[in-house]
>>> print(open('work38.txt').read())   # compact mmCIF, N, CA and C atoms
# COMPACT_ATOMS: atom_id res chain seq x y z
N MET A 6 6.01 -10.22 -13.65
CA MET A 6 4.62 -9.83 -13.49
C MET A 6 4.28 -9.73 -12.01
N HIS A 7 4.13 -10.85 -11.31
CA HIS A 7 3.88 -10.82 -9.87
C HIS A 7 5.20 -11.10 -9.17
N ASN A 8 5.43 -10.37 -8.10
CA ASN A 8 6.68 -10.57 -7.38
C ASN A 8 6.65 -11.80 -6.49
N SER A 9 5.48 -12.15 -5.97
CA SER A 9 5.45 -13.31 -5.09
C SER A 9 4.03 -13.84 -4.93
N LEU A 10 3.96 -14.95 -4.25
CA LEU A 10 2.68 -15.59 -3.95
C LEU A 10 2.53 -15.68 -2.44
N VAL A 11 1.32 -15.54 -1.98
CA VAL A 11 1.00 -15.69 -0.56
C VAL A 11 0.04 -16.86 -0.47
N GLU A 12 0.31 -17.76 0.46
CA GLU A 12 -0.61 -18.88 0.68
C GLU A 12 -1.25 -18.71 2.05
N HIS A 13 -2.56 -18.86 2.11
CA HIS A 13 -3.27 -18.73 3.38
C HIS A 13 -4.55 -19.55 3.31
N GLN A 14 -4.75 -20.38 4.31
CA GLN A 14 -5.95 -21.22 4.40
C GLN A 14 -6.20 -22.00 3.13
N GLY A 15 -5.14 -22.53 2.55
CA GLY A 15 -5.26 -23.39 1.37
C GLY A 15 -5.44 -22.66 0.05
N ARG A 16 -5.42 -21.33 0.06
CA ARG A 16 -5.53 -20.56 -1.19
C ARG A 16 -4.21 -19.86 -1.46
N VAL A 17 -3.94 -19.66 -2.73
CA VAL A 17 -2.71 -18.98 -3.15
C VAL A 17 -3.10 -17.67 -3.82
N PHE A 18 -2.44 -16.61 -3.41
CA PHE A 18 -2.75 -15.28 -3.92
C PHE A 18 -1.50 -14.64 -4.52
N PRO A 19 -1.55 -14.24 -5.78
CA PRO A 19 -0.44 -13.46 -6.34
C PRO A 19 -0.51 -12.05 -5.77
N VAL A 20 0.64 -11.54 -5.32
CA VAL A 20 0.70 -10.19 -4.76
C VAL A 20 1.78 -9.38 -5.46
N ASN A 21 1.61 -8.05 -5.41
CA ASN A 21 2.64 -7.18 -5.98
C ASN A 21 3.77 -6.97 -4.97
N GLU A 22 4.71 -6.12 -5.32
CA GLU A 22 5.89 -5.94 -4.47
C GLU A 22 5.55 -5.35 -3.10
N GLU A 23 4.39 -4.73 -2.96
CA GLU A 23 3.99 -4.17 -1.67
C GLU A 23 3.04 -5.08 -0.90
N GLY A 24 2.79 -6.28 -1.46
CA GLY A 24 1.94 -7.24 -0.77
C GLY A 24 0.45 -7.06 -1.02
N PHE A 25 0.09 -6.20 -1.98
CA PHE A 25 -1.32 -6.02 -2.33
C PHE A 25 -1.74 -7.11 -3.31
N LEU A 26 -2.98 -7.52 -3.22
CA LEU A 26 -3.55 -8.54 -4.09
C LEU A 26 -3.41 -8.09 -5.55
N ALA A 27 -2.81 -8.93 -6.37
CA ALA A 27 -2.56 -8.57 -7.77
C ALA A 27 -3.79 -8.79 -8.65
N ASP A 28 -4.71 -9.65 -8.22
CA ASP A 28 -5.91 -9.94 -9.00
C ASP A 28 -7.12 -9.81 -8.09
N GLU A 29 -7.85 -8.72 -8.23
CA GLU A 29 -8.97 -8.41 -7.36
C GLU A 29 -10.03 -9.51 -7.37
N SER A 30 -10.12 -10.26 -8.46
CA SER A 30 -11.14 -11.31 -8.55
C SER A 30 -10.87 -12.48 -7.59
N LEU A 31 -9.65 -12.55 -7.03
CA LEU A 31 -9.32 -13.61 -6.08
C LEU A 31 -9.67 -13.24 -4.64
N TRP A 32 -10.19 -12.03 -4.45
CA TRP A 32 -10.53 -11.56 -3.11
C TRP A 32 -11.59 -12.45 -2.47
N GLY A 33 -11.45 -12.69 -1.19
CA GLY A 33 -12.43 -13.47 -0.45
C GLY A 33 -12.05 -13.53 1.01
N PRO A 34 -12.77 -14.31 1.81
CA PRO A 34 -12.54 -14.34 3.25
C PRO A 34 -11.12 -14.78 3.63
N GLU A 35 -10.51 -15.65 2.83
CA GLU A 35 -9.15 -16.09 3.15
C GLU A 35 -8.17 -14.93 3.02
N TRP A 36 -8.36 -14.10 1.98
CA TRP A 36 -7.48 -12.93 1.81
C TRP A 36 -7.67 -11.95 2.96
N VAL A 37 -8.93 -11.68 3.31
CA VAL A 37 -9.22 -10.76 4.41
C VAL A 37 -8.54 -11.25 5.69
N ASP A 38 -8.63 -12.55 5.96
CA ASP A 38 -8.02 -13.11 7.16
C ASP A 38 -6.50 -12.99 7.10
N HIS A 39 -5.90 -13.21 5.95
CA HIS A 39 -4.45 -13.06 5.79
C HIS A 39 -4.02 -11.64 6.15
N VAL A 40 -4.71 -10.64 5.61
CA VAL A 40 -4.34 -9.24 5.87
C VAL A 40 -4.64 -8.88 7.33
N ARG A 41 -5.71 -9.41 7.87
CA ARG A 41 -6.04 -9.15 9.29
C ARG A 41 -4.88 -9.57 10.18
N LEU A 42 -4.33 -10.74 9.91
CA LEU A 42 -3.19 -11.23 10.70
C LEU A 42 -1.96 -10.36 10.47
N GLU A 43 -1.73 -9.99 9.22
CA GLU A 43 -0.60 -9.13 8.87
C GLU A 43 -0.70 -7.77 9.56
N GLU A 44 -1.92 -7.27 9.68
CA GLU A 44 -2.17 -5.97 10.30
C GLU A 44 -2.24 -6.07 11.82
N ASP A 45 -2.17 -7.28 12.36
CA ASP A 45 -2.24 -7.52 13.80
C ASP A 45 -3.57 -7.04 14.38
N ILE A 46 -4.64 -7.35 13.66
CA ILE A 46 -6.00 -7.03 14.12
C ILE A 46 -6.59 -8.32 14.68
N ASP A 47 -6.98 -8.29 15.96
CA ASP A 47 -7.48 -9.50 16.62
C ASP A 47 -8.76 -10.02 15.99
N GLU A 48 -9.71 -9.13 15.79
CA GLU A 48 -11.02 -9.56 15.30
C GLU A 48 -11.63 -8.45 14.47
N LEU A 49 -12.24 -8.82 13.37
CA LEU A 49 -12.90 -7.82 12.53
C LEU A 49 -14.31 -7.55 13.06
N THR A 50 -14.61 -6.27 13.22
CA THR A 50 -15.92 -5.85 13.71
C THR A 50 -16.80 -5.44 12.53
N ASP A 51 -18.05 -5.13 12.83
CA ASP A 51 -18.95 -4.61 11.80
C ASP A 51 -18.40 -3.33 11.20
N ASP A 52 -17.71 -2.52 12.02
CA ASP A 52 -17.13 -1.28 11.52
C ASP A 52 -16.01 -1.55 10.51
N HIS A 53 -15.20 -2.57 10.77
CA HIS A 53 -14.18 -2.97 9.79
C HIS A 53 -14.85 -3.31 8.47
N TRP A 54 -15.89 -4.15 8.56
CA TRP A 54 -16.57 -4.60 7.34
C TRP A 54 -17.26 -3.45 6.62
N GLU A 55 -17.78 -2.47 7.38
CA GLU A 55 -18.40 -1.31 6.73
C GLU A 55 -17.38 -0.59 5.86
N VAL A 56 -16.17 -0.39 6.39
CA VAL A 56 -15.11 0.27 5.62
C VAL A 56 -14.70 -0.58 4.42
N ILE A 57 -14.49 -1.88 4.64
CA ILE A 57 -14.07 -2.78 3.56
C ILE A 57 -15.12 -2.79 2.44
N ASN A 58 -16.38 -2.96 2.80
CA ASN A 58 -17.44 -3.02 1.79
C ASN A 58 -17.61 -1.70 1.07
N LEU A 59 -17.48 -0.59 1.80
CA LEU A 59 -17.58 0.71 1.15
C LEU A 59 -16.44 0.89 0.15
N LEU A 60 -15.23 0.50 0.53
CA LEU A 60 -14.09 0.60 -0.39
C LEU A 60 -14.34 -0.22 -1.65
N ARG A 61 -14.81 -1.44 -1.49
CA ARG A 61 -15.06 -2.31 -2.64
C ARG A 61 -16.16 -1.74 -3.54
N ASP A 62 -17.25 -1.27 -2.93
CA ASP A 62 -18.35 -0.71 -3.71
C ASP A 62 -17.91 0.54 -4.46
N TYR A 63 -17.20 1.42 -3.77
CA TYR A 63 -16.73 2.66 -4.38
C TYR A 63 -15.77 2.36 -5.54
N TYR A 64 -14.89 1.40 -5.31
CA TYR A 64 -13.92 1.03 -6.35
C TYR A 64 -14.64 0.46 -7.59
N ARG A 65 -15.63 -0.40 -7.35
CA ARG A 65 -16.39 -0.98 -8.48
C ARG A 65 -17.11 0.12 -9.26
N ALA A 66 -17.64 1.10 -8.56
CA ALA A 66 -18.40 2.16 -9.21
C ALA A 66 -17.51 3.19 -9.91
N ASN A 67 -16.33 3.45 -9.35
CA ASN A 67 -15.51 4.57 -9.82
C ASN A 67 -14.14 4.18 -10.38
N GLY A 68 -13.72 2.93 -10.17
CA GLY A 68 -12.43 2.49 -10.69
C GLY A 68 -11.23 2.94 -9.87
N ILE A 69 -11.49 3.65 -8.78
CA ILE A 69 -10.44 4.08 -7.86
C ILE A 69 -10.95 3.96 -6.44
N ALA A 70 -10.04 3.96 -5.48
CA ALA A 70 -10.43 4.00 -4.07
C ALA A 70 -10.81 5.43 -3.70
N PRO A 71 -11.74 5.61 -2.76
CA PRO A 71 -12.12 6.97 -2.36
C PRO A 71 -11.02 7.65 -1.56
N MET A 72 -10.99 8.98 -1.65
CA MET A 72 -10.08 9.72 -0.77
C MET A 72 -10.55 9.51 0.66
N VAL A 73 -9.62 9.61 1.59
CA VAL A 73 -9.93 9.29 2.98
C VAL A 73 -11.03 10.19 3.54
N ARG A 74 -11.11 11.43 3.10
CA ARG A 74 -12.17 12.30 3.63
C ARG A 74 -13.54 11.82 3.15
N ILE A 75 -13.62 11.25 1.94
CA ILE A 75 -14.88 10.68 1.45
C ILE A 75 -15.22 9.43 2.26
N LEU A 76 -14.21 8.63 2.54
CA LEU A 76 -14.41 7.42 3.35
C LEU A 76 -14.97 7.81 4.72
N ALA A 77 -14.39 8.82 5.34
CA ALA A 77 -14.85 9.28 6.65
C ALA A 77 -16.26 9.86 6.56
N GLN A 78 -16.50 10.62 5.50
CA GLN A 78 -17.81 11.26 5.33
C GLN A 78 -18.92 10.22 5.15
N VAL A 79 -18.68 9.23 4.29
CA VAL A 79 -19.72 8.24 3.99
C VAL A 79 -19.97 7.30 5.18
N THR A 80 -18.91 6.90 5.87
CA THR A 80 -19.09 5.99 7.01
C THR A 80 -19.53 6.74 8.26
N GLY A 81 -19.22 8.04 8.33
CA GLY A 81 -19.49 8.80 9.54
C GLY A 81 -18.42 8.58 10.61
N PHE A 82 -17.36 7.83 10.26
CA PHE A 82 -16.29 7.56 11.20
C PHE A 82 -15.27 8.70 11.16
N LYS A 83 -14.78 9.09 12.32
CA LYS A 83 -13.71 10.07 12.39
C LYS A 83 -12.44 9.42 11.84
N LEU A 84 -11.57 10.23 11.25
CA LEU A 84 -10.31 9.74 10.68
C LEU A 84 -9.50 8.98 11.73
N LYS A 85 -9.46 9.51 12.93
CA LYS A 85 -8.71 8.86 14.02
C LYS A 85 -9.23 7.44 14.25
N TYR A 86 -10.56 7.28 14.19
CA TYR A 86 -11.16 5.96 14.41
C TYR A 86 -10.81 5.00 13.27
N ILE A 87 -10.79 5.51 12.04
CA ILE A 87 -10.41 4.66 10.90
C ILE A 87 -8.99 4.13 11.10
N TYR A 88 -8.10 4.98 11.61
CA TYR A 88 -6.73 4.53 11.90
C TYR A 88 -6.69 3.56 13.07
N GLU A 89 -7.63 3.65 13.98
CA GLU A 89 -7.70 2.66 15.07
C GLU A 89 -8.15 1.31 14.50
N LEU A 90 -9.09 1.35 13.55
CA LEU A 90 -9.55 0.10 12.93
C LEU A 90 -8.45 -0.54 12.09
N PHE A 91 -7.74 0.30 11.33
CA PHE A 91 -6.70 -0.17 10.41
C PHE A 91 -5.40 0.55 10.76
N PRO A 92 -4.58 -0.04 11.66
CA PRO A 92 -3.40 0.66 12.18
C PRO A 92 -2.44 1.17 11.10
N SER A 93 -2.34 0.49 9.97
CA SER A 93 -1.43 0.99 8.93
C SER A 93 -2.12 2.00 8.03
N GLY A 94 -3.37 2.34 8.34
CA GLY A 94 -4.07 3.40 7.63
C GLY A 94 -5.08 2.91 6.61
N PRO A 95 -5.94 3.81 6.19
CA PRO A 95 -6.97 3.43 5.23
C PRO A 95 -6.40 3.08 3.86
N GLY A 96 -5.34 3.74 3.45
CA GLY A 96 -4.76 3.46 2.14
C GLY A 96 -4.06 2.13 2.09
N LYS A 97 -3.27 1.85 3.12
CA LYS A 97 -2.51 0.60 3.11
C LYS A 97 -3.35 -0.54 3.67
N GLY A 98 -3.74 -0.46 4.92
CA GLY A 98 -4.43 -1.58 5.57
C GLY A 98 -5.81 -1.87 5.03
N ALA A 99 -6.64 -0.82 4.97
CA ALA A 99 -8.03 -1.05 4.57
C ALA A 99 -8.14 -1.41 3.10
N CYS A 100 -7.44 -0.69 2.23
CA CYS A 100 -7.51 -1.01 0.80
C CYS A 100 -6.91 -2.38 0.52
N LYS A 101 -5.84 -2.70 1.21
CA LYS A 101 -5.22 -4.02 1.04
C LYS A 101 -6.21 -5.11 1.44
N MET A 102 -6.86 -4.92 2.59
CA MET A 102 -7.82 -5.91 3.07
C MET A 102 -9.01 -6.02 2.12
N ALA A 103 -9.39 -4.92 1.50
CA ALA A 103 -10.52 -4.91 0.58
C ALA A 103 -10.15 -5.50 -0.78
N GLY A 104 -8.89 -5.87 -0.96
CA GLY A 104 -8.46 -6.49 -2.21
C GLY A 104 -8.16 -5.51 -3.32
N LEU A 105 -8.05 -4.22 -2.97
CA LEU A 105 -7.77 -3.21 -3.97
C LEU A 105 -6.27 -2.97 -4.07
N LEU A 106 -5.84 -2.42 -5.19
CA LEU A 106 -4.45 -2.02 -5.30
C LEU A 106 -4.22 -0.81 -4.41
N LYS A 107 -2.97 -0.57 -4.03
CA LYS A 107 -2.65 0.58 -3.20
C LYS A 107 -3.08 1.83 -3.95
N PRO A 108 -3.87 2.68 -3.28
CA PRO A 108 -4.36 3.89 -3.97
C PRO A 108 -3.24 4.87 -4.26
N GLU A 109 -3.45 5.64 -5.31
CA GLU A 109 -2.53 6.72 -5.66
C GLU A 109 -2.88 7.93 -4.81
N GLY A 110 -1.91 8.76 -4.55
CA GLY A 110 -2.19 10.04 -3.91
C GLY A 110 -2.54 9.93 -2.44
N CYS A 111 -3.47 10.78 -2.03
CA CYS A 111 -3.69 11.00 -0.60
C CYS A 111 -4.83 10.18 -0.03
N VAL A 112 -4.67 8.88 -0.01
CA VAL A 112 -5.69 8.04 0.65
C VAL A 112 -5.09 7.48 1.91
>>> encode(input="work38.txt", output="structure tokens")
Amino acid sequence: MHNSLVEHQGRVFPVNEEGFLADESLWGPEWVDHVRLEEDIDELTDDHWEVINLLRDYYRANGIAPMVRILAQVTGFKLKYIYELFPSGPGKGACKMAGLLKPEGCV
């Protein structure tokens, strides 16, 4: 079922083979901090949180993560800037940090 467990700040998170949170209900500040360190991001800014919260809200409403052009359109952030915020990209870094499964297709 789950390939491994990640422990961070006293919490244990089941993750899939790509390191994404296997149970979205376990998402919280400890998970965000774990991924932040993994992504080598020094500090999360309001812009990081805007992307994370938008991903979570969109996922709750639609059952999928938004395509990157929708993410850019809704936040008003240029794609290049989103990659500066999340060096591994919106699909891997941002969705992972938001506690979502890795999106299918072109995110």
>>> atom_distance(input="work38.txt", atom1="atom C of His53 of chain A", atom2="atom C of Thr80 of chain A")
11.1 Å
>>> select_by_dssp(input="work38.txt", residues="segment 8-111 of chain A", states="alpha helix (DSSP H)", output="short mmCIF file (atom, residue, chain, number, x, y, z; two decimals) with N, CA and C atoms, in the coordinates of the input")
data_model
loop_
_atom_site.label_atom_id
_atom_site.label_comp_id
_atom_site.auth_asym_id
_atom_site.auth_seq_id
_atom_site.Cartn_x
_atom_site.Cartn_y
_atom_site.Cartn_z
N PRO A 34 -12.77 -14.31 1.81
CA PRO A 34 -12.54 -14.34 3.25
C PRO A 34 -11.12 -14.78 3.63
N GLU A 35 -10.51 -15.65 2.83
CA GLU A 35 -9.15 -16.09 3.15
C GLU A 35 -8.17 -14.93 3.02
N TRP A 36 -8.36 -14.10 1.98
CA TRP A 36 -7.48 -12.93 1.81
C TRP A 36 -7.67 -11.95 2.96
N VAL A 37 -8.93 -11.68 3.31
CA VAL A 37 -9.22 -10.76 4.41
C VAL A 37 -8.54 -11.25 5.69
N ASP A 38 -8.63 -12.55 5.96
CA ASP A 38 -8.02 -13.11 7.16
C ASP A 38 -6.50 -12.99 7.10
N HIS A 39 -5.90 -13.21 5.95
CA HIS A 39 -4.45 -13.06 5.79
C HIS A 39 -4.02 -11.64 6.15
N VAL A 40 -4.71 -10.64 5.61
CA VAL A 40 -4.34 -9.24 5.87
C VAL A 40 -4.64 -8.88 7.33
N ARG A 41 -5.71 -9.41 7.87
CA ARG A 41 -6.04 -9.15 9.29
C ARG A 41 -4.88 -9.57 10.18
N LEU A 42 -4.33 -10.74 9.91
CA LEU A 42 -3.19 -11.23 10.70
C LEU A 42 -1.96 -10.36 10.47
N GLU A 43 -1.73 -9.99 9.22
CA GLU A 43 -0.60 -9.13 8.87
C GLU A 43 -0.70 -7.77 9.56
N ASP A 51 -18.05 -5.13 12.83
CA ASP A 51 -18.95 -4.61 11.80
C ASP A 51 -18.40 -3.33 11.20
N ASP A 52 -17.71 -2.52 12.02
CA ASP A 52 -17.13 -1.28 11.52
C ASP A 52 -16.01 -1.55 10.51
N HIS A 53 -15.20 -2.57 10.77
CA HIS A 53 -14.18 -2.97 9.79
C HIS A 53 -14.85 -3.31 8.47
N TRP A 54 -15.89 -4.15 8.56
CA TRP A 54 -16.57 -4.60 7.34
C TRP A 54 -17.26 -3.45 6.62
N GLU A 55 -17.78 -2.47 7.38
CA GLU A 55 -18.40 -1.31 6.73
C GLU A 55 -17.38 -0.59 5.86
N VAL A 56 -16.17 -0.39 6.39
CA VAL A 56 -15.11 0.27 5.62
C VAL A 56 -14.70 -0.58 4.42
N ILE A 57 -14.49 -1.88 4.64
CA ILE A 57 -14.07 -2.78 3.56
C ILE A 57 -15.12 -2.79 2.44
N ASN A 58 -16.38 -2.96 2.80
CA ASN A 58 -17.44 -3.02 1.79
C ASN A 58 -17.61 -1.70 1.07
N LEU A 59 -17.48 -0.59 1.80
CA LEU A 59 -17.58 0.71 1.15
C LEU A 59 -16.44 0.89 0.15
N LEU A 60 -15.23 0.50 0.53
CA LEU A 60 -14.09 0.60 -0.39
C LEU A 60 -14.34 -0.22 -1.65
N ARG A 61 -14.81 -1.44 -1.49
CA ARG A 61 -15.06 -2.31 -2.64
C ARG A 61 -16.16 -1.74 -3.54
N ASP A 62 -17.25 -1.27 -2.93
CA ASP A 62 -18.35 -0.71 -3.71
C ASP A 62 -17.91 0.54 -4.46
N TYR A 63 -17.20 1.42 -3.77
CA TYR A 63 -16.73 2.66 -4.38
C TYR A 63 -15.77 2.36 -5.54
N TYR A 64 -14.89 1.40 -5.31
CA TYR A 64 -13.92 1.03 -6.35
C TYR A 64 -14.64 0.46 -7.59
N ARG A 65 -15.63 -0.40 -7.35
CA ARG A 65 -16.39 -0.98 -8.48
C ARG A 65 -17.11 0.12 -9.26
N ALA A 66 -17.64 1.10 -8.56
CA ALA A 66 -18.40 2.16 -9.21
C ALA A 66 -17.51 3.19 -9.91
N ASN A 67 -16.33 3.45 -9.35
CA ASN A 67 -15.51 4.57 -9.82
C ASN A 67 -14.14 4.18 -10.38
N VAL A 73 -9.62 9.61 1.59
CA VAL A 73 -9.93 9.29 2.98
C VAL A 73 -11.03 10.19 3.54
N ARG A 74 -11.11 11.43 3.10
CA ARG A 74 -12.17 12.30 3.63
C ARG A 74 -13.54 11.82 3.15
N ILE A 75 -13.62 11.25 1.94
CA ILE A 75 -14.88 10.68 1.45
C ILE A 75 -15.22 9.43 2.26
N LEU A 76 -14.21 8.63 2.54
CA LEU A 76 -14.41 7.42 3.35
C LEU A 76 -14.97 7.81 4.72
N ALA A 77 -14.39 8.82 5.34
CA ALA A 77 -14.85 9.28 6.65
C ALA A 77 -16.26 9.86 6.56
N GLN A 78 -16.50 10.62 5.50
CA GLN A 78 -17.81 11.26 5.33
C GLN A 78 -18.92 10.22 5.15
N VAL A 79 -18.68 9.23 4.29
CA VAL A 79 -19.72 8.24 3.99
C VAL A 79 -19.97 7.30 5.18
N THR A 80 -18.91 6.90 5.87
CA THR A 80 -19.09 5.99 7.01
C THR A 80 -19.53 6.74 8.26
N LEU A 84 -11.57 10.23 11.25
CA LEU A 84 -10.31 9.74 10.68
C LEU A 84 -9.50 8.98 11.73
N LYS A 85 -9.46 9.51 12.93
CA LYS A 85 -8.71 8.86 14.02
C LYS A 85 -9.23 7.44 14.25
N TYR A 86 -10.56 7.28 14.19
CA TYR A 86 -11.16 5.96 14.41
C TYR A 86 -10.81 5.00 13.27
N ILE A 87 -10.79 5.51 12.04
CA ILE A 87 -10.41 4.66 10.90
C ILE A 87 -8.99 4.13 11.10
N TYR A 88 -8.10 4.98 11.61
CA TYR A 88 -6.73 4.53 11.90
C TYR A 88 -6.69 3.56 13.07
N GLU A 89 -7.63 3.65 13.98
CA GLU A 89 -7.70 2.66 15.07
C GLU A 89 -8.15 1.31 14.50
N LEU A 90 -9.09 1.35 13.55
CA LEU A 90 -9.55 0.10 12.93
C LEU A 90 -8.45 -0.54 12.09
N CYS A 100 -7.44 -0.69 2.23
CA CYS A 100 -7.51 -1.01 0.80
C CYS A 100 -6.91 -2.38 0.52
N LYS A 101 -5.84 -2.70 1.21
CA LYS A 101 -5.22 -4.02 1.04
C LYS A 101 -6.21 -5.11 1.44
N MET A 102 -6.86 -4.92 2.59
CA MET A 102 -7.82 -5.91 3.07
C MET A 102 -9.01 -6.02 2.12
#
>>> residues_near_point(input="work38.txt", point="(6.5, -9.5, -2.9)", cutoff="7 Å", atoms="all atoms listed in the file", output="ChimeraX atom specification")
/A:7-10,20-24
>>> closest_residue(input="work38.txt", among="A:Phe25, A:Trp54, A:Arg41, A:Trp32", to="Gly96 of chain A", atoms="only C-alpha atoms")
A:Phe25
>>> atom_distance(input="work38.txt", atom1="atom CA of Ile46 of chain A", atom2="atom CA of Tyr86 of chain A")
14.0 Å
>>> closest_residue(input="work38.txt", among="A:Arg65, A:Phe82, A:Ser93, A:His13", to="Asp38 of chain A", atoms="only N, CA and C atoms")
A:His13
>>> residues_around(input="work38.txt", residues="Leu31 of chain A", least_positions_apart="5", cutoff="8 Å", atoms="all atoms listed in the file", output="list in words")
Val17, Phe18, Pro19, Leu26, Trp36 and Gly104 of chain A
>>> atom_distance(input="work38.txt", atom1="atom N of Glu29 of chain A", atom2="atom N of Leu105 of chain A")
6.9 Å
>>> closest_residue(input="work38.txt", among="A:Arg16, A:His39, A:Arg61, A:Lys107", to="Gly94 of chain A", atoms="only C-alpha atoms")
A:Lys107
>>> select_by_dssp(input="work38.txt", residues="chain A", states="strand (DSSP E or B)", output="PyMOL selection string")
chain A and resi 9-13+16-20+26
